[in-house]
Amino acid sequence: MPETITISPITRIEGHLAVQVETDGKQVTSARISGEMFRGYEMILQGRDPLDAQQITQRICGVCPVEHGFASILAQDMAYGVSPPTNGLLLRNLIQAANFIASHITHFYLLSALDFIDITAVAAYPGADASLVALKGWVNAELASGRVLPAAPFLPRYAVQYIQDKDLNLGAIKHYLEALEMRQTAQKMGSLFAGKMPHAASLVPGGVTEKVTSLAIVQYQSLLQRLQTFIRQAYVPDVLAVAGACPGYFSLGRGCGNFLAYGVFPESSGGGKFLPAGVLMGSAPQTLDPGAITEETASSLFSSASKLKPGEGQTVPDPNKAGAYSWLKAPRYQGQVVEVGALARLLVACLPGQNELVKNAVAGVLKALNREPKDLISVMGRHAARAVECKLVADRCLDWLQQLVPDQPSFTDFSIPETGRGFGLTEAARGALGHWIEVRGGKIHSYQCVVPTTWNCSPRDDRGVPGAIEQALVGVPVADPKNPIEVARVVRSFDPCIACAVH
Ligand code: NFE
Ligand code: MG
């Protein structure tokens, strides 16, 4: 029997997302997802000093603040005609890499793993590990309390089949607890060059204000080694084990099949990026054309004109707009829906002539999982892509550290022109992120952000074409309409952040 299932809000993501799916009694036939709040950062920035932008935009999100800072200073680099010295470029990479590592580890363990791992496995834990014993006591007390879930958000909300393998469950629960510490470690590591975290103080057009010292290099390296060990010994093996235990999720949540990456981590020599920019329309690779980006507004709670390029973009909220159902605009590339994120970055990096290191790492994981490249475009493919990327980026940090030259400048001076325009395209952990700035009279005249989750969680566009996650939900089986865990697993595989998406 046809049925409408609503999950609102969907938990263990950032921000407020309502998911509504129609089913034919067996599987999803259509989906609508709605960003449920308005924030107005693009309006707040108008008329301000341009140097406020990299600080204010970092407050869009507590998960990916530094990436908003980077998009902002890259836009200002272009508007002011300034570029960082080698130290500045490397410090930017090292700060951004620390955020990627913190974000991916957080997403897998704290936001997604409990979709698959059975936390109640710890109730019968027979060992003496202090953190697991403490957790065991808490879980048993919660289970006995009869409290309505998810008041205790750590415990399973849905009556579903979790992974049965006791060792895998207990190992992943132990790593869940360690992941909290790893997140802290990555934040500390970033703060060595960011001044502080999560909102970096050192990001400026022309580079980074923090000085390069031998002490900071050694401190960063020491924290990095702890993270590399965790990624190698816990994160990557756990993702592979969960993926191996849930093979059906390699064919669920495929989505639009188009991918966009702006590229990230510029190398100090040669001008290329460690993770390159590019577009995949189906299997057809294209060079990135920033002029092909527009935002459509038919289903969005804005009366802003539709199909504007972000450089001309408008932010005119219209909370009562007829037919609109989301506070996200609908970004499109050449008018098409695209998916962004770690999977998009890796697929683009694996294209001929791009990054052999990435290509080999992806091939290695596919071999370990006994999977085909096509299987990557799925729920488990997205989790695997983040883990592979996390390891590649952490390992690459060692090279960037070695290229730093202590006591050399990390910043190029600049002046703010009376008028200027620029855009900054980078990657946040969740995907392609762009900021567009126009300066008039030395102040911000207009500011537009097009954000990773705005791409992935976009509502229908002017032609009625659903966004990337809306498409990925179609065809997903729902065994029990009262426990629609399959829907939640697909949505969480994109690691949505609605705080960012609505900005
Ligand atoms: Ni709020 Fe963000 C990342 C950005 S996502 S987490 O990563 O930009 O839309
Ligand atoms: Mg915007």
# chains A, B, ... in the order shown; residues from 1 in each chain; ligands from 1
$ closest_atom_pairs --of "segment 101-153 of chain A" --to "segment 6-13 of chain A" --cutoff "9 Å" --atoms "only C-alpha atoms" --output "Markdown table"
| residue | atom | partner | partner_atom | distance |
| --- | --- | --- | --- | --- |
| A:His107 | CA | A:Ile13 | CA | 8.5 |
| A:Leu110 | CA | A:Arg12 | CA | 7.8 |
| A:Leu111 | CA | A:Arg12 | CA | 4.9 |
| A:Ser112 | CA | A:Arg12 | CA | 7.3 |
| A:Pro153 | CA | A:Arg12 | CA | 8.7 |
$ closest_atom_pairs --of "chain A" --to "ligand 2" --cutoff "9 Å" --atoms "only C-alpha atoms and all ligand atoms" --output "tab-separated table"
residue	atom	partner	partner_atom_place_in_ligand_line	distance
A:Gly40	CA	ligand 2	1 (Mg)	8.9
A:Tyr41	CA	ligand 2	1 (Mg)	8.6
A:Glu42	CA	ligand 2	1 (Mg)	6.8
A:Glu295	CA	ligand 2	1 (Mg)	8.4
A:Pro310	CA	ligand 2	1 (Mg)	7.8
A:Gly313	CA	ligand 2	1 (Mg)	7.9
A:Gln314	CA	ligand 2	1 (Mg)	8.3
A:Thr315	CA	ligand 2	1 (Mg)	7.3
A:Leu328	CA	ligand 2	1 (Mg)	8.0
A:Lys329	CA	ligand 2	1 (Mg)	7.1
A:Pro331	CA	ligand 2	1 (Mg)	9.0
A:His435	CA	ligand 2	1 (Mg)	8.4
A:Tyr447	CA	ligand 2	1 (Mg)	8.5
A:Gln448	CA	ligand 2	1 (Mg)	5.0
A:Cys449	CA	ligand 2	1 (Mg)	4.0
A:Val450	CA	ligand 2	1 (Mg)	4.7
A:Val451	CA	ligand 2	1 (Mg)	6.9
A:Thr454	CA	ligand 2	1 (Mg)	8.0
A:Ala501	CA	ligand 2	1 (Mg)	7.9
A:Val502	CA	ligand 2	1 (Mg)	7.2
A:His503	CA	ligand 2	1 (Mg)	6.7
$ closest_residue --among "A:Thr86, A:Ser191, A:Ser415, A:Thr120" --to "Leu143 of chain A" --atoms "only C-alpha atoms"
A:Thr120
$ residues_around --residues "Phe494 of chain A" --least-positions-apart "6" --cutoff "8 Å" --atoms "only C-alpha atoms" --output "list in words"
Gly341, Val379, Arg382, Arg430, Asn456 and Ile469 of chain A
$ write_last_selection --atoms "N, CA and C atoms" --output "PDB file, in the first residue's frame"
ATOM      1  N   GLY A 341      31.521  15.807  -2.759  1.00  0.00           N
ATOM      2  CA  GLY A 341      32.000  15.138  -1.540  1.00  0.00           C
ATOM      3  C   GLY A 341      33.255  14.326  -1.814  1.00  0.00           C
ATOM      4  N   VAL A 379      25.983   3.874  -0.841  1.00  0.00           N
ATOM      5  CA  VAL A 379      26.146   4.228   0.573  1.00  0.00           C
ATOM      6  C   VAL A 379      27.540   3.821   1.064  1.00  0.00           C
ATOM      7  N   ARG A 382      30.545   5.730  -0.424  1.00  0.00           N
ATOM      8  CA  ARG A 382      30.818   7.058   0.160  1.00  0.00           C
ATOM      9  C   ARG A 382      31.598   6.931   1.464  1.00  0.00           C
ATOM     10  N   ARG A 430      32.813  17.902   3.157  1.00  0.00           N
ATOM     11  CA  ARG A 430      31.580  17.421   2.537  1.00  0.00           C
ATOM     12  C   ARG A 430      31.465  17.733   1.061  1.00  0.00           C
ATOM     13  N   ASN A 456      24.192  18.784  -2.393  1.00  0.00           N
ATOM     14  CA  ASN A 456      23.694  17.413  -2.168  1.00  0.00           C
ATOM     15  C   ASN A 456      22.246  17.380  -1.687  1.00  0.00           C
ATOM     16  N   ILE A 469      20.397  13.963  -3.156  1.00  0.00           N
ATOM     17  CA  ILE A 469      19.942  12.980  -2.159  1.00  0.00           C
ATOM     18  C   ILE A 469      18.508  12.556  -2.462  1.00  0.00           C
TER      19      ILE A 469
END
$ select_by_dssp --residues "segment 319-360 of chain A" --states "helix (DSSP H, G or I)" --output "count of residues only"
13
$ residues_near_ligand --ligand "ligand 1" --cutoff "10 Å" --atoms "only C-alpha atoms and all ligand atoms" --output "JSON, numbers by chain"
{"A": [13, 14, 15, 57, 58, 59, 60, 61, 62, 63, 64, 65, 66, 67, 68, 69, 70, 71, 99, 100, 103, 104, 340, 341, 342, 426, 427, 428, 429, 430, 431, 432, 433, 434, 435, 449, 450, 451, 452, 453, 454, 455, 456, 457, 494, 495, 496, 497, 498, 499, 500, 501, 502, 503]}
$ write_last_selection --atoms "N, CA and C atoms" --output "short mmCIF file (atom, residue, chain, number, x, y, z; two decimals), in the first residue's frame"
data_model
loop_
_atom_site.label_atom_id
_atom_site.label_comp_id
_atom_site.auth_asym_id
_atom_site.auth_seq_id
_atom_site.Cartn_x
_atom_site.Cartn_y
_atom_site.Cartn_z
N ILE A 13 23.00 14.11 12.13
CA ILE A 13 23.60 14.94 11.09
C ILE A 13 23.71 16.33 11.71
N GLU A 14 24.31 17.26 11.02
CA GLU A 14 24.36 18.64 11.48
C GLU A 14 23.15 19.40 10.97
N GLY A 15 22.49 20.14 11.86
CA GLY A 15 21.40 21.02 11.42
C GLY A 15 20.07 20.30 11.33
N THR A 57 32.11 34.22 8.18
CA THR A 57 31.64 33.00 7.48
C THR A 57 32.07 31.73 8.20
N GLN A 58 33.14 31.79 9.00
CA GLN A 58 33.51 30.58 9.76
C GLN A 58 32.43 30.23 10.78
N ARG A 59 31.62 31.22 11.15
CA ARG A 59 30.53 30.93 12.12
C ARG A 59 29.34 30.26 11.45
N ILE A 60 29.40 30.06 10.13
CA ILE A 60 28.32 29.31 9.48
C ILE A 60 28.23 27.91 10.08
N CYS A 61 29.38 27.38 10.50
CA CYS A 61 29.38 25.97 10.91
C CYS A 61 30.49 25.68 11.90
N GLY A 62 30.20 24.81 12.86
CA GLY A 62 31.23 24.39 13.80
C GLY A 62 31.98 23.15 13.34
N VAL A 63 31.52 22.53 12.24
CA VAL A 63 32.17 21.32 11.74
C VAL A 63 33.21 21.68 10.67
N CYS A 64 32.85 22.59 9.78
CA CYS A 64 33.78 22.94 8.70
C CYS A 64 34.07 24.44 8.67
N PRO A 65 34.28 25.07 9.85
CA PRO A 65 34.50 26.52 9.85
C PRO A 65 35.69 26.93 9.00
N VAL A 66 36.81 26.20 9.13
CA VAL A 66 38.01 26.68 8.44
C VAL A 66 37.82 26.68 6.93
N GLU A 67 37.01 25.75 6.42
CA GLU A 67 36.83 25.74 4.96
C GLU A 67 36.07 26.99 4.50
N HIS A 68 35.10 27.46 5.30
CA HIS A 68 34.45 28.72 4.93
C HIS A 68 35.48 29.85 4.99
N GLY A 69 36.36 29.80 5.99
CA GLY A 69 37.44 30.79 6.04
C GLY A 69 38.30 30.73 4.79
N PHE A 70 38.63 29.52 4.35
CA PHE A 70 39.48 29.38 3.16
C PHE A 70 38.79 29.86 1.90
N ALA A 71 37.51 29.49 1.72
CA ALA A 71 36.79 29.95 0.52
C ALA A 71 36.78 31.48 0.50
N ASN A 99 41.33 19.68 9.43
CA ASN A 99 39.87 19.69 9.49
C ASN A 99 39.26 18.49 8.76
N PHE A 100 39.83 18.15 7.59
CA PHE A 100 39.32 16.97 6.86
C PHE A 100 39.42 15.73 7.75
N SER A 103 36.93 15.80 10.58
CA SER A 103 35.57 15.68 10.08
C SER A 103 35.24 14.25 9.64
N HIS A 104 36.14 13.61 8.90
CA HIS A 104 35.85 12.26 8.40
C HIS A 104 35.77 11.25 9.55
N VAL A 340 28.47 16.10 -4.74
CA VAL A 340 29.80 16.56 -4.31
C VAL A 340 30.22 15.79 -3.06
N GLY A 341 31.52 15.81 -2.76
CA GLY A 341 32.00 15.14 -1.54
C GLY A 341 33.26 14.33 -1.81
N ALA A 342 33.65 13.53 -0.83
CA ALA A 342 34.88 12.75 -0.95
C ALA A 342 34.81 11.79 -2.13
N THR A 426 37.03 25.87 -3.24
CA THR A 426 37.85 24.90 -2.53
C THR A 426 36.97 23.70 -2.23
N GLU A 427 37.49 22.81 -1.40
CA GLU A 427 36.69 21.66 -0.98
C GLU A 427 36.60 21.67 0.54
N ALA A 428 35.40 21.54 1.05
CA ALA A 428 35.23 21.22 2.47
C ALA A 428 35.16 19.69 2.55
N ALA A 429 35.21 19.16 3.77
CA ALA A 429 35.14 17.70 3.90
C ALA A 429 33.94 17.15 3.14
N ARG A 430 32.81 17.90 3.16
CA ARG A 430 31.58 17.42 2.54
C ARG A 430 31.46 17.73 1.06
N GLY A 431 32.45 18.43 0.48
CA GLY A 431 32.41 18.64 -0.96
C GLY A 431 32.73 20.05 -1.40
N ALA A 432 32.38 20.32 -2.67
CA ALA A 432 32.77 21.56 -3.36
C ALA A 432 32.15 22.77 -2.67
N LEU A 433 33.00 23.72 -2.28
CA LEU A 433 32.56 24.92 -1.56
C LEU A 433 33.06 26.16 -2.29
N GLY A 434 32.15 27.11 -2.55
CA GLY A 434 32.55 28.36 -3.20
C GLY A 434 31.97 29.57 -2.50
N HIS A 435 32.80 30.64 -2.40
CA HIS A 435 32.32 31.95 -1.95
C HIS A 435 32.61 32.96 -3.06
N CYS A 449 27.47 32.41 -1.00
CA CYS A 449 28.09 31.12 -0.70
C CYS A 449 27.28 30.03 -1.41
N VAL A 450 27.96 29.12 -2.07
CA VAL A 450 27.32 27.91 -2.61
C VAL A 450 28.06 26.74 -1.96
N VAL A 451 27.34 25.97 -1.16
CA VAL A 451 27.96 25.13 -0.13
C VAL A 451 27.74 23.64 -0.46
N PRO A 452 28.67 22.77 -0.03
CA PRO A 452 28.55 21.35 -0.39
C PRO A 452 27.16 20.76 -0.15
N THR A 453 26.64 20.97 1.06
CA THR A 453 25.34 20.34 1.34
C THR A 453 24.21 21.04 0.60
N THR A 454 24.42 22.26 0.14
CA THR A 454 23.41 22.88 -0.72
C THR A 454 23.31 22.10 -2.03
N TRP A 455 24.47 21.67 -2.54
CA TRP A 455 24.45 20.81 -3.74
C TRP A 455 23.74 19.49 -3.44
N ASN A 456 24.19 18.78 -2.39
CA ASN A 456 23.69 17.41 -2.17
C ASN A 456 22.25 17.38 -1.69
N CYS A 457 21.86 18.34 -0.85
CA CYS A 457 20.49 18.34 -0.28
C CYS A 457 19.56 19.28 -1.03
N PHE A 494 25.82 10.75 2.84
CA PHE A 494 26.27 12.01 2.22
C PHE A 494 26.87 12.96 3.25
N ASP A 495 26.78 12.63 4.54
CA ASP A 495 27.30 13.49 5.60
C ASP A 495 26.73 14.91 5.49
N PRO A 496 25.39 15.05 5.50
CA PRO A 496 24.83 16.39 5.29
C PRO A 496 25.08 17.33 6.46
N CYS A 497 25.23 18.60 6.16
CA CYS A 497 25.28 19.63 7.19
C CYS A 497 24.32 20.73 6.77
N ILE A 498 23.19 20.78 7.44
CA ILE A 498 22.16 21.74 7.02
C ILE A 498 22.49 23.15 7.54
N ALA A 499 23.23 23.22 8.65
CA ALA A 499 23.68 24.55 9.11
C ALA A 499 24.44 25.24 7.97
N CYS A 500 25.35 24.50 7.34
CA CYS A 500 26.09 25.02 6.18
C CYS A 500 25.16 25.29 5.00
N ALA A 501 24.31 24.29 4.73
CA ALA A 501 23.54 24.31 3.49
C ALA A 501 22.63 25.53 3.39
N VAL A 502 22.04 25.94 4.54
CA VAL A 502 21.14 27.09 4.49
C VAL A 502 21.90 28.41 4.71
N HIS A 503 23.04 28.33 5.34
CA HIS A 503 23.87 29.51 5.64
C HIS A 503 23.05 30.80 5.70
#
$ closest_atom_pairs --of "segment 258-353 of chain A" --to "segment 396-403 of chain A" --cutoff "12 Å" --atoms "only C-alpha atoms" --output "CSV"
residue,atom,partner,partner_atom,distance
A:Phe265,CA,A:Arg396,CA,9.8
A:Pro266,CA,A:Trp400,CA,10.4
A:Glu267,CA,A:Trp400,CA,8.4
A:Ser268,CA,A:Gln403,CA,8.3
A:Ser269,CA,A:Gln403,CA,10.3
A:Lys273,CA,A:Arg396,CA,11.9
A:Phe274,CA,A:Arg396,CA,8.6
A:Leu275,CA,A:Arg396,CA,10.9
$ write_last_selection --atoms "C-alpha atoms" --output "PDB file, in the first residue's frame"
ATOM      1  CA  PHE A 265      45.372  21.264  -1.517  1.00  0.00           C
ATOM      2  CA  PRO A 266      47.440  23.223  -4.077  1.00  0.00           C
ATOM      3  CA  GLU A 267      50.955  21.843  -4.352  1.00  0.00           C
ATOM      4  CA  SER A 268      53.850  24.232  -3.845  1.00  0.00           C
ATOM      5  CA  SER A 269      55.415  23.228  -7.157  1.00  0.00           C
ATOM      6  CA  LYS A 273      46.217  20.355  -6.654  1.00  0.00           C
ATOM      7  CA  PHE A 274      46.728  17.139  -4.682  1.00  0.00           C
ATOM      8  CA  LEU A 275      43.010  16.425  -5.176  1.00  0.00           C
TER       9      LEU A 275
END
$ atom_distance --atom1 "atom CA of His383 of chain A" --atom2 "atom CA of Lys174 of chain A"
18.9 Å
$ select_by_dssp --residues "segment 189-375 of chain A" --states "strand (DSSP E)" --output "list in words"
Leu203, Val204, Gly207, Val208, Asn258, Phe259, Leu260, Ala261, Val264, Phe265, Pro266, Lys273, Phe274, Leu275, Gly278, Val279, Leu280, Met281, Ala284, Pro285, Gln286, Ile293, Thr294, Glu295, Glu296, Ala330, Pro331, Arg332 and Tyr333 of chain A
$ residues_around --residues "His445 of chain A" --least-positions-apart "2" --cutoff "7 Å" --atoms "only C-alpha atoms" --output "list in words"
Gln46, Gly47, Glu438, Val439, Arg440 and Lys443 of chain A
$ closest_residue --among "A:Phe423, A:Tyr220, A:Tyr333, A:Tyr176" --to "Ala113 of chain A" --atoms "only C-alpha atoms"
A:Tyr176
